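Q: Next up, data.cif (mmCIF, C-alpha atoms).
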data_protein
#
loop_
_atom_site.label_atom_id
_atom_site.label_comp_id
_atom_site.auth_asym_id
_atom_site.auth_seq_id
_atom_site.Cartn_x
_atom_site.Cartn_y
_atom_site.Cartn_z
CA MET A 1 -44.47 39.15 6.77
CA ARG A 2 -45.47 35.76 8.13
CA LYS A 3 -49.08 34.83 7.09
CA GLU A 4 -51.69 34.33 9.80
CA LYS A 5 -53.06 30.80 10.24
CA PHE A 6 -56.69 29.90 11.10
CA VAL A 7 -58.24 26.59 12.15
CA TYR A 8 -62.00 25.61 12.35
CA ASN A 9 -63.35 25.10 15.87
CA LYS A 10 -66.14 22.53 15.77
CA GLN A 11 -67.44 23.56 19.16
CA THR A 12 -67.84 27.20 18.37
CA LEU A 13 -68.43 26.60 14.68
CA ARG A 14 -65.98 29.41 13.93
CA TYR A 15 -62.49 29.87 12.39
CA GLU A 16 -60.10 30.91 15.03
CA LYS A 17 -56.58 32.36 14.60
CA VAL A 18 -53.81 30.09 15.71
CA VAL A 19 -51.48 31.72 18.23
CA GLU A 20 -48.05 29.99 18.52
CA PRO A 21 -46.39 29.81 21.91
CA LEU A 22 -43.27 31.90 22.46
CA LYS A 23 -41.16 28.76 22.90
CA VAL A 24 -42.05 27.54 19.39
CA LYS A 25 -41.18 30.93 17.95
CA LEU A 26 -37.79 30.90 19.66
CA LEU A 27 -37.02 27.39 18.45
CA ARG A 28 -37.96 28.31 14.91
CA GLY A 29 -35.74 31.43 15.05
CA PHE A 30 -32.85 29.40 16.39
CA ALA A 31 -33.27 26.83 13.61
CA TYR A 32 -33.22 29.58 10.99
CA ALA A 33 -30.05 31.07 12.50
CA CYS A 34 -28.30 27.68 12.52
CA ALA A 35 -29.25 27.09 8.94
CA ILE A 36 -27.92 30.48 7.88
CA ILE A 37 -24.64 29.93 9.72
CA PHE A 38 -24.25 26.43 8.25
CA PHE A 39 -24.84 27.54 4.67
CA ALA A 40 -22.61 30.58 5.17
CA PHE A 41 -19.78 28.29 6.38
CA ILE A 42 -20.26 25.97 3.39
CA ALA A 43 -20.21 28.93 1.01
CA PHE A 44 -17.06 30.36 2.64
CA TYR A 45 -15.35 26.95 2.51
CA ILE A 46 -16.17 26.53 -1.20
CA ILE A 47 -15.05 30.05 -2.05
CA ASP A 48 -11.88 29.71 0.01
CA PHE A 49 -10.78 26.55 -1.77
CA THR A 50 -11.98 27.60 -5.19
CA PHE A 51 -10.72 31.17 -5.39
CA ASP A 52 -7.32 32.55 -4.24
CA SER A 53 -6.99 35.67 -2.17
CA PRO A 54 -4.63 38.42 -3.39
CA SER A 55 -2.00 37.40 -0.82
CA GLU A 56 -2.28 33.75 -1.87
CA ARG A 57 -1.92 34.66 -5.52
CA ALA A 58 1.18 36.71 -4.69
CA LEU A 59 2.61 33.84 -2.63
CA LYS A 60 2.05 31.37 -5.46
CA ARG A 61 3.82 33.69 -7.89
CA GLU A 62 6.71 33.94 -5.43
CA ILE A 63 6.92 30.15 -5.05
CA LEU A 64 6.89 29.70 -8.84
CA GLN A 65 9.70 32.25 -9.19
CA ALA A 66 11.66 30.55 -6.39
CA LYS A 67 11.39 27.19 -8.18
CA THR A 68 12.66 28.77 -11.39
CA GLN A 69 15.55 30.37 -9.52
CA TYR A 70 16.31 27.07 -7.79
CA LYS A 71 16.57 25.25 -11.12
CA ALA A 72 18.86 27.96 -12.47
CA LEU A 73 21.02 27.88 -9.31
CA ASN A 74 21.26 24.10 -9.42
CA SER A 75 22.32 24.25 -13.08
CA GLN A 76 24.86 26.97 -12.27
CA LEU A 77 26.34 24.86 -9.48
CA ASP A 78 26.72 21.96 -11.93
CA ASP A 79 28.58 24.29 -14.32
CA TYR A 80 30.84 25.47 -11.49
CA ALA A 81 31.55 21.85 -10.57
CA LYS A 82 32.70 21.14 -14.15
CA ILE A 83 34.91 24.24 -14.17
CA LEU A 84 36.40 23.29 -10.81
CA GLU A 85 37.06 19.75 -12.03
CA ASN A 86 38.86 21.16 -15.07
CA MET A 87 40.94 23.41 -12.79
CA LYS A 88 41.79 20.37 -10.67
CA ASP A 89 43.03 18.49 -13.75
CA ARG A 90 45.20 21.44 -14.77
CA ASN A 91 46.44 21.78 -11.22
CA GLU A 92 47.44 18.10 -11.20
CA GLY A 93 49.28 18.65 -14.48
CA ALA A 94 51.27 21.47 -12.91
CA TYR A 95 52.04 19.30 -9.89
CA THR A 96 53.18 16.34 -11.93
CA MET A 97 54.98 17.93 -14.87
CA ALA A 98 56.55 21.01 -13.32
CA PHE A 99 57.27 19.91 -9.78
CA GLY A 100 57.07 16.12 -9.68
CA MET A 101 54.64 16.38 -6.77
CA ASN A 102 51.67 14.16 -6.01
CA PRO A 103 48.29 15.48 -7.26
CA ILE A 104 45.17 15.81 -5.10
CA ASP A 105 43.86 12.48 -3.82
CA ASN A 106 40.47 11.73 -5.41
CA ASP A 107 39.04 10.39 -2.14
CA VAL A 108 39.88 13.67 -0.43
CA TRP A 109 38.56 15.68 -3.40
CA ASN A 110 35.18 13.91 -3.52
CA ALA A 111 34.63 13.60 0.25
CA GLY A 112 31.53 15.21 1.77
CA LEU A 113 31.25 17.46 4.80
CA GLY A 114 30.11 16.78 8.33
CA GLY A 115 27.85 13.74 7.83
CA ALA A 116 24.03 13.52 7.97
CA LYS A 117 23.64 15.61 11.15
CA ARG A 118 24.95 18.67 9.30
CA TYR A 119 21.63 18.96 7.41
CA THR A 120 19.18 17.89 10.17
CA ASN A 121 17.57 21.34 10.28
CA LEU A 122 16.61 21.02 6.60
CA THR A 123 15.00 17.58 6.74
CA LYS A 124 12.23 18.83 9.04
CA TYR A 125 10.60 20.60 6.07
CA PRO A 126 8.57 17.89 4.28
CA ASN A 127 7.89 19.84 1.10
CA THR A 128 11.12 21.73 0.48
CA GLY A 129 13.62 19.91 2.69
CA ASP A 130 14.98 17.58 0.00
CA LEU A 131 15.44 20.44 -2.47
CA MET A 132 17.26 22.63 0.04
CA LEU A 133 19.38 19.72 1.25
CA GLY A 134 20.51 18.84 -2.26
CA VAL A 135 21.57 22.34 -3.29
CA THR A 136 23.15 23.07 0.13
CA ALA A 137 25.22 19.88 0.06
CA LYS A 138 26.35 20.64 -3.49
CA ALA A 139 27.36 24.21 -2.55
CA ASP A 140 29.24 22.94 0.53
CA LYS A 141 31.15 20.40 -1.56
CA LEU A 142 32.14 23.06 -4.11
CA GLY A 143 33.28 25.35 -1.32
CA ARG A 144 35.43 22.60 0.17
CA GLN A 145 36.93 21.73 -3.21
CA MET A 146 37.73 25.40 -3.83
CA ALA A 147 39.53 25.52 -0.46
CA ILE A 148 41.54 22.38 -1.37
CA LEU A 149 42.43 23.79 -4.78
CA SER A 150 43.40 27.14 -3.28
CA HIS A 151 45.71 25.38 -0.82
CA THR A 152 47.39 23.34 -3.57
CA LEU A 153 47.86 26.45 -5.71
CA ASP A 154 49.50 28.17 -2.73
CA THR A 155 51.79 25.16 -2.43
CA ILE A 156 52.72 25.36 -6.12
CA ILE A 157 53.43 29.10 -5.80
CA ASN A 158 55.61 28.52 -2.74
CA VAL A 159 57.49 25.69 -4.47
CA ALA A 160 57.96 27.85 -7.57
CA LYS A 161 59.26 30.74 -5.46
CA ASP A 162 61.63 28.42 -3.61
CA ARG A 163 62.91 26.96 -6.88
CA GLU A 164 63.34 30.42 -8.34
CA LYS A 165 65.31 31.39 -5.24
CA ARG A 166 67.33 28.16 -5.50
CA PHE A 167 68.13 28.77 -9.18
CA ALA A 168 69.27 32.30 -8.38
CA SER A 169 71.37 31.11 -5.43
CA ILE A 170 73.21 28.13 -6.90
CA PRO A 171 76.48 29.29 -8.54
CA SER A 172 75.96 29.24 -12.29
CA ILE A 173 78.01 31.98 -14.01
CA LYS A 174 81.69 32.77 -14.53
CA PRO A 175 83.15 35.02 -11.80
CA ILE A 176 85.02 36.97 -14.52
CA ARG A 177 83.75 37.97 -17.95
CA GLU A 178 85.45 35.91 -20.63
CA ASP A 179 86.44 38.99 -22.63
CA LYS A 180 88.49 40.16 -19.63
CA LEU A 181 90.59 36.98 -19.39
CA LYS A 182 94.16 37.06 -20.62
CA LYS A 183 94.18 33.72 -22.44
CA GLY A 184 90.54 32.72 -22.68
CA ILE A 185 88.55 30.39 -20.49
CA ARG A 186 89.87 27.23 -22.19
CA PHE A 187 93.44 27.85 -20.94
CA MET A 188 92.70 28.11 -17.24
CA SER A 189 94.10 25.89 -14.53
CA GLY A 190 91.43 23.44 -13.50
CA PHE A 191 90.29 21.36 -10.55
CA GLY A 192 92.34 18.34 -9.40
CA ARG A 193 95.95 17.42 -8.69
CA ARG A 194 98.24 20.10 -10.10
CA LEU A 195 101.93 21.02 -9.96
CA HIS A 196 102.34 23.71 -7.32
CA PRO A 197 104.12 26.72 -8.92
CA ILE A 198 106.23 27.46 -5.83
CA HIS A 199 106.72 24.14 -4.05
CA LYS A 200 107.02 22.20 -7.35
CA VAL A 201 105.12 19.20 -6.00
CA MET A 202 101.78 17.69 -7.03
CA LYS A 203 99.03 19.02 -4.79
CA MET A 204 95.24 19.01 -4.84
CA HIS A 205 93.96 22.16 -6.54
CA LYS A 206 90.46 22.71 -5.10
CA GLY A 207 89.33 25.32 -7.59
CA ILE A 208 90.00 26.80 -11.01
CA ASP A 209 92.29 29.72 -11.82
CA PHE A 210 91.16 32.49 -14.15
CA SER A 211 94.20 34.40 -15.47
CA ALA A 212 93.32 38.10 -15.79
CA LYS A 213 95.03 41.42 -15.33
CA LYS A 214 95.08 43.12 -11.96
CA GLY A 215 91.97 45.18 -11.27
CA THR A 216 89.63 43.04 -13.41
CA VAL A 217 86.25 43.04 -11.66
CA ILE A 218 84.94 39.85 -10.05
CA TYR A 219 81.26 38.91 -9.92
CA ALA A 220 79.25 36.91 -7.37
CA THR A 221 78.22 33.72 -9.14
CA GLY A 222 74.93 33.38 -7.26
CA ASP A 223 72.69 35.13 -4.73
CA GLY A 224 74.00 34.82 -1.20
CA LYS A 225 75.43 36.34 1.96
CA VAL A 226 79.06 37.25 2.57
CA THR A 227 80.32 35.15 5.49
CA LYS A 228 84.06 35.89 5.34
CA VAL A 229 86.38 38.64 4.07
CA LYS A 230 90.03 37.92 4.98
CA ASN A 231 93.44 39.29 4.05
CA LYS A 232 96.37 36.90 4.63
CA ARG A 233 100.03 37.19 3.69
CA THR A 234 100.06 33.60 2.40
CA GLY A 235 97.58 31.06 1.10
CA TYR A 236 94.44 32.66 -0.34
CA GLY A 237 95.65 36.19 0.42
CA LYS A 238 92.72 38.63 0.29
CA HIS A 239 89.66 36.44 -0.24
CA ILE A 240 85.87 36.37 0.06
CA ILE A 241 83.54 33.52 0.97
CA ILE A 242 79.83 33.71 0.08
CA SER A 243 77.17 31.35 1.46
CA HIS A 244 74.43 30.74 -1.12
CA GLY A 245 72.25 28.45 0.97
CA TYR A 246 71.10 24.99 -0.07
CA GLY A 247 74.56 23.69 0.95
CA TYR A 248 76.59 25.87 -1.46
CA GLU A 249 79.51 28.21 -0.78
CA THR A 250 81.92 29.96 -3.14
CA LEU A 251 85.44 31.29 -2.48
CA TYR A 252 87.19 34.07 -4.42
CA ALA A 253 90.93 34.30 -3.63
CA HIS A 254 94.07 36.42 -4.30
CA LEU A 255 92.03 39.63 -4.69
CA SER A 256 93.59 43.06 -4.85
CA LYS A 257 90.40 44.69 -3.56
CA SER A 258 87.17 43.68 -1.82
CA ASN A 259 83.94 45.63 -2.40
CA VAL A 260 81.90 43.82 0.28
CA LYS A 261 81.99 43.16 4.00
CA VAL A 262 80.81 40.31 6.21
CA GLY A 263 77.01 40.23 6.43
CA ASP A 264 76.37 41.84 3.06
CA THR A 265 73.71 40.28 0.84
CA VAL A 266 74.77 39.99 -2.79
CA LYS A 267 72.99 39.15 -6.02
CA LYS A 268 74.18 36.99 -8.88
CA GLY A 269 76.33 39.14 -11.21
CA GLU A 270 77.05 41.79 -8.55
CA ILE A 271 80.66 43.08 -8.40
CA ILE A 272 82.32 41.93 -5.17
CA GLY A 273 86.02 42.66 -5.78
CA GLU A 274 88.97 42.90 -8.16
CA VAL A 275 91.62 40.47 -9.41
CA GLY A 276 95.02 40.61 -7.70
CA SER A 277 97.99 38.45 -6.77
CA THR A 278 97.88 38.48 -2.97
CA GLY A 279 98.84 35.54 -0.79
CA THR A 280 100.65 32.56 -2.34
CA SER A 281 100.36 33.56 -6.00
CA THR A 282 102.75 33.83 -8.95
CA ALA A 283 100.71 36.13 -11.19
CA PRO A 284 97.46 38.14 -11.19
CA HIS A 285 94.53 35.71 -11.36
CA LEU A 286 91.34 34.68 -9.57
CA HIS A 287 91.31 31.40 -7.72
CA TYR A 288 87.64 30.30 -7.61
CA GLU A 289 86.21 27.45 -5.54
CA VAL A 290 82.73 25.95 -5.13
CA HIS A 291 81.89 23.96 -2.01
CA TYR A 292 78.82 21.76 -1.57
CA MET A 293 77.95 20.46 1.88
CA GLY A 294 81.40 21.48 3.08
CA LYS A 295 83.29 19.64 0.34
CA ALA A 296 85.13 21.25 -2.58
CA VAL A 297 83.62 20.26 -5.94
CA ASN A 298 84.74 20.99 -9.48
CA PRO A 299 83.67 24.62 -10.21
CA ILE A 300 83.66 23.89 -13.95
CA HIS A 301 80.26 22.27 -13.51
CA PHE A 302 78.91 25.60 -12.25
CA VAL A 303 80.22 27.78 -15.09
CA LEU A 304 77.22 27.56 -17.40
CA ASP A 305 76.67 31.01 -18.87
CA GLY A 306 77.21 31.82 -22.52
CA LEU A 307 78.51 28.41 -23.57
CA SER A 308 77.16 25.95 -26.11
CA THR A 309 77.16 22.23 -25.32
CA GLU A 310 80.33 21.72 -27.41
CA GLU A 311 82.12 24.69 -25.80
CA TYR A 312 81.19 23.47 -22.34
CA GLN A 313 82.59 19.99 -23.05
CA LYS A 314 85.85 21.44 -24.42
CA MET A 315 86.14 23.62 -21.32
CA ILE A 316 85.75 20.56 -19.09
CA ASP A 317 88.40 18.69 -21.07
CA MET A 318 90.86 21.61 -20.84
CA SER A 319 90.31 22.13 -17.11
CA SER A 320 91.04 18.43 -16.53
CA LEU A 321 94.58 18.54 -18.01
CA SER A 322 97.40 18.23 -15.47
CA ASN A 323 98.78 21.71 -16.02
CA GLN A 324 100.39 23.99 -13.48
CA SER A 325 98.26 26.18 -11.25
CA PHE A 326 98.92 29.85 -10.49
CA ASP A 327 98.78 29.33 -6.71
#
Using structure tokens, write down the structure from this file.

A:
Amino acid sequence: MRKEKFVYNKQTLRYEKVVEPLKVKLLRGFAYACAIIFFAFIAFYIIDFTFDSPSERALKREILQAKTQYKALNSQLDDYAKILENMKDRNEGAYTMAFGMNPIDNDVWNAGLGGAKRYTNLTKYPNTGDLMLGVTAKADKLGRQMAILSHTLDTIINVAKDREKRFASIPSIKPIREDKLKKGIRFMSGFGRRLHPIHKVMKMHKGIDFSAKKGTVIYATGDGKVTKVKNKRTGYGKHIIISHGYGYETLYAHLSKSNVKVGDTVKKGEIIGEVGSTGTSTAPHLHYEVHYMGKAVNPIHFVLDGLSTEEYQKMIDMSSLSNQSFD
């Protein structure tokens, strides 16, 4: 309770109680209220900046955890970059050694993405923008490099498949098993000018003759498609032509029987017919030709199966002798 105040009145020679006007009381009350509000604001300001609220403490913990995760992610991206670089080196080795192809260009490999405008939305954050920009750019670069590497691996797979198909298609085996030949592969009539058995003149012999008994099975020497099956009274007699692709064709002549028809797809080593003596022929045998880009080439260079280097050379020497052909 506010104490009462008295003053001495010299005229009345008495102490009289001082009565304050209402205006003074209102001003004093207003001053007290302002002071309370001011000190309350100061106290709140000090408490607010000195002590964290529960939500602020939770947010700080979250930020600390995010920073830890960012460091781990950044380190993981660096590890991925090293792994990807190692894969690139191995990929280049496969390109160069196995296929003779050019490796990935380093300028293309190390190029960035999209320029500065790509990350404009991140730079507007003054506190975290640089961090987010760095890790985002690194992740984008790794993604692009993975796409490049994936494309080059697809190329290698496609080249390998094509080469596998080419190897299977190019004639490379004997059309008759050696154990089925009458005199052995070294006594065949080879490619080149030969004495014709009927006309008794020197003529170009475009293939090699395998002497074998009638009915001996004949094999396709490479994967391909049958483009011709003919039966003539003279010349090649009953014969088959197979297109192997890549510019190669093979001809099998003087057959007694054909097991295929035009349009059939055959595999290397598949039985396509039997030895005979049809057409212009003096004895049962298979006349075998290999054509490359429309020109007859020496089939001996495409008879590679089951022969050592020395045997192959002897076979070439024998097939080159000017002996008489069977057709």

Q: To one decimal place in Å, what is the distance between CA of Gly279 (chain A) and CA of Lys230 (chain A)?

A: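 CA of Lys230 (chain A) lies at a distance of 10.8 Å from CA of Gly279 (chain A).
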
Q: Please indicate the distance in Å from CA of Lys261 (chain A) to CA of Val303 (chain A), rounded to one decimal place.

A: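 That distance, rounded to one decimal, is 24.6 Å.
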
Q: Using the chain letters and numbering of this document, enumerate as a list in words the residues selected by the PyMOL selection byres ((chain A and resi 294) around 9).

A: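 When the PyMOL selection byres ((chain A and resi 294) around 9) is applied to the shown file, the picked residues are Gly247, Tyr248, Glu249, His291, Tyr292, Met293, Lys295 and Ala296 of chain A.
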
Q: Just to confirm, what's the straight-line distance from CA of Lys88 (chain A) to CA of Asp140 (chain A) in Å (one decimal)?

A: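 Pair CA of Lys88 (chain A) / CA of Asp140 (chain A) returns 17.0 Å.
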
Q: Counting only C-alpha atoms, find residues at most 12 Å from (99.9, 36.0, 4.7) (file frame) and give them as a VMD selection string.

A: chain A and resid 230 to 239 254 277 to 281

Q: Nearest to Phe302 (chain A): which of A:Ala220, A:Ser211, A:Leu27, A:Lys174 is it, counting only C-alpha atoms?

A: A:Lys174

Q: Can you tell me, as JSON, numbers by chain, what residues are no more than 12 Å from Val297 (chain A) when counting only C-alpha atoms, ignoring any on the same chain fewer than 5 positions away?

A: {"A": [171, 190, 191, 192, 204, 205, 206, 207, 208, 247, 248, 249, 250, 251, 288, 289, 290, 291, 292, 302]}

Q: Using the chain letters and residue numbers of this document, give as a PDB file with C-alpha atoms, keeping the file's coordinate frame the residues selected by the PyMOL selection byres ((chain A and resi 286) around 9).

A:
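This is the output file result24.pdb:
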ATOM      1  CA  PRO A 175      83.150  35.020 -11.800  1.00  0.00           C
ATOM      2  CA  ILE A 176      85.020  36.970 -14.520  1.00  0.00           C
ATOM      3  CA  ILE A 208      90.000  26.800 -11.010  1.00  0.00           C
ATOM      4  CA  ASP A 209      92.290  29.720 -11.820  1.00  0.00           C
ATOM      5  CA  PHE A 210      91.160  32.490 -14.150  1.00  0.00           C
ATOM      6  CA  SER A 211      94.200  34.400 -15.470  1.00  0.00           C
ATOM      7  CA  ALA A 212      93.320  38.100 -15.790  1.00  0.00           C
ATOM      8  CA  ILE A 218      84.940  39.850 -10.050  1.00  0.00           C
ATOM      9  CA  TYR A 252      87.190  34.070  -4.420  1.00  0.00           C
ATOM     10  CA  ALA A 253      90.930  34.300  -3.630  1.00  0.00           C
ATOM     11  CA  HIS A 254      94.070  36.420  -4.300  1.00  0.00           C
ATOM     12  CA  LEU A 255      92.030  39.630  -4.690  1.00  0.00           C
ATOM     13  CA  GLU A 274      88.970  42.900  -8.160  1.00  0.00           C
ATOM     14  CA  VAL A 275      91.620  40.470  -9.410  1.00  0.00           C
ATOM     15  CA  GLY A 276      95.020  40.610  -7.700  1.00  0.00           C
ATOM     16  CA  SER A 277      97.990  38.450  -6.770  1.00  0.00           C
ATOM     17  CA  PRO A 284      97.460  38.140 -11.190  1.00  0.00           C
ATOM     18  CA  HIS A 285      94.530  35.710 -11.360  1.00  0.00           C
ATOM     19  CA  HIS A 287      91.310  31.400  -7.720  1.00  0.00           C
ATOM     20  CA  TYR A 288      87.640  30.300  -7.610  1.00  0.00           C
TER      21      TYR A 288
END

Q: Because some atoms of region 220-246 of chain A are absent here, can you restore N, CA and C atoms and send them as a short mmCIF file (atom, residue, chain, number, x, y, z; two decimals), in the coordinates of the input?

A:
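File rebuild_28.cif, as written:
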data_model
loop_
_atom_site.label_atom_id
_atom_site.label_comp_id
_atom_site.auth_asym_id
_atom_site.auth_seq_id
_atom_site.Cartn_x
_atom_site.Cartn_y
_atom_site.Cartn_z
N ALA A 220 79.86 38.00 -8.15
CA ALA A 220 79.25 36.91 -7.37
C ALA A 220 78.56 35.97 -8.34
N THR A 221 78.77 34.68 -8.18
CA THR A 221 78.22 33.72 -9.14
C THR A 221 76.82 33.24 -8.77
N GLY A 222 76.30 33.72 -7.66
CA GLY A 222 74.93 33.38 -7.26
C GLY A 222 74.50 34.27 -6.12
N ASP A 223 73.19 34.36 -5.87
CA ASP A 223 72.69 35.13 -4.73
C ASP A 223 73.23 34.52 -3.44
N GLY A 224 73.52 35.36 -2.47
CA GLY A 224 74.00 34.82 -1.20
C GLY A 224 74.36 35.89 -0.21
N LYS A 225 75.02 35.45 0.87
CA LYS A 225 75.43 36.34 1.96
C LYS A 225 76.92 36.17 2.21
N VAL A 226 77.62 37.28 2.34
CA VAL A 226 79.06 37.25 2.57
C VAL A 226 79.32 36.79 4.01
N THR A 227 80.05 35.70 4.15
CA THR A 227 80.32 35.15 5.49
C THR A 227 81.77 35.36 5.92
N LYS A 228 82.66 35.70 4.97
CA LYS A 228 84.06 35.89 5.34
C LYS A 228 84.73 36.83 4.34
N VAL A 229 85.50 37.78 4.87
CA VAL A 229 86.38 38.64 4.07
C VAL A 229 87.70 38.69 4.83
N LYS A 230 88.73 38.04 4.29
CA LYS A 230 90.03 37.92 4.98
C LYS A 230 91.15 38.45 4.10
N ASN A 231 92.25 38.85 4.76
CA ASN A 231 93.44 39.29 4.05
C ASN A 231 94.66 38.65 4.72
N LYS A 232 95.23 37.62 4.07
CA LYS A 232 96.37 36.90 4.63
C LYS A 232 97.60 37.12 3.77
N ARG A 233 98.77 37.01 4.42
CA ARG A 233 100.03 37.19 3.69
C ARG A 233 100.32 36.00 2.79
N THR A 234 99.84 34.81 3.18
CA THR A 234 100.06 33.60 2.40
C THR A 234 98.72 32.96 2.06
N GLY A 235 98.80 31.78 1.43
CA GLY A 235 97.58 31.06 1.10
C GLY A 235 96.68 31.82 0.15
N TYR A 236 95.42 32.00 0.53
CA TYR A 236 94.44 32.66 -0.34
C TYR A 236 94.64 34.17 -0.43
N GLY A 237 95.49 34.74 0.43
CA GLY A 237 95.65 36.19 0.42
C GLY A 237 94.33 36.88 0.77
N LYS A 238 94.02 37.97 0.08
CA LYS A 238 92.72 38.63 0.29
C LYS A 238 91.66 37.79 -0.41
N HIS A 239 90.68 37.32 0.36
CA HIS A 239 89.66 36.44 -0.24
C HIS A 239 88.30 36.65 0.39
N ILE A 240 87.28 36.22 -0.34
CA ILE A 240 85.87 36.37 0.06
C ILE A 240 85.20 35.01 0.01
N ILE A 241 84.37 34.74 1.01
CA ILE A 241 83.54 33.52 0.97
C ILE A 241 82.07 33.95 1.04
N ILE A 242 81.27 33.42 0.13
CA ILE A 242 79.83 33.71 0.08
C ILE A 242 79.05 32.42 0.32
N SER A 243 78.08 32.48 1.24
CA SER A 243 77.17 31.35 1.46
C SER A 243 75.91 31.58 0.63
N HIS A 244 75.58 30.60 -0.22
CA HIS A 244 74.43 30.74 -1.12
C HIS A 244 73.20 29.97 -0.63
N GLY A 245 73.34 29.28 0.50
CA GLY A 245 72.25 28.45 0.97
C GLY A 245 72.18 27.15 0.19
N TYR A 246 71.29 26.28 0.59
CA TYR A 246 71.10 24.99 -0.07
C TYR A 246 72.40 24.17 -0.09
#
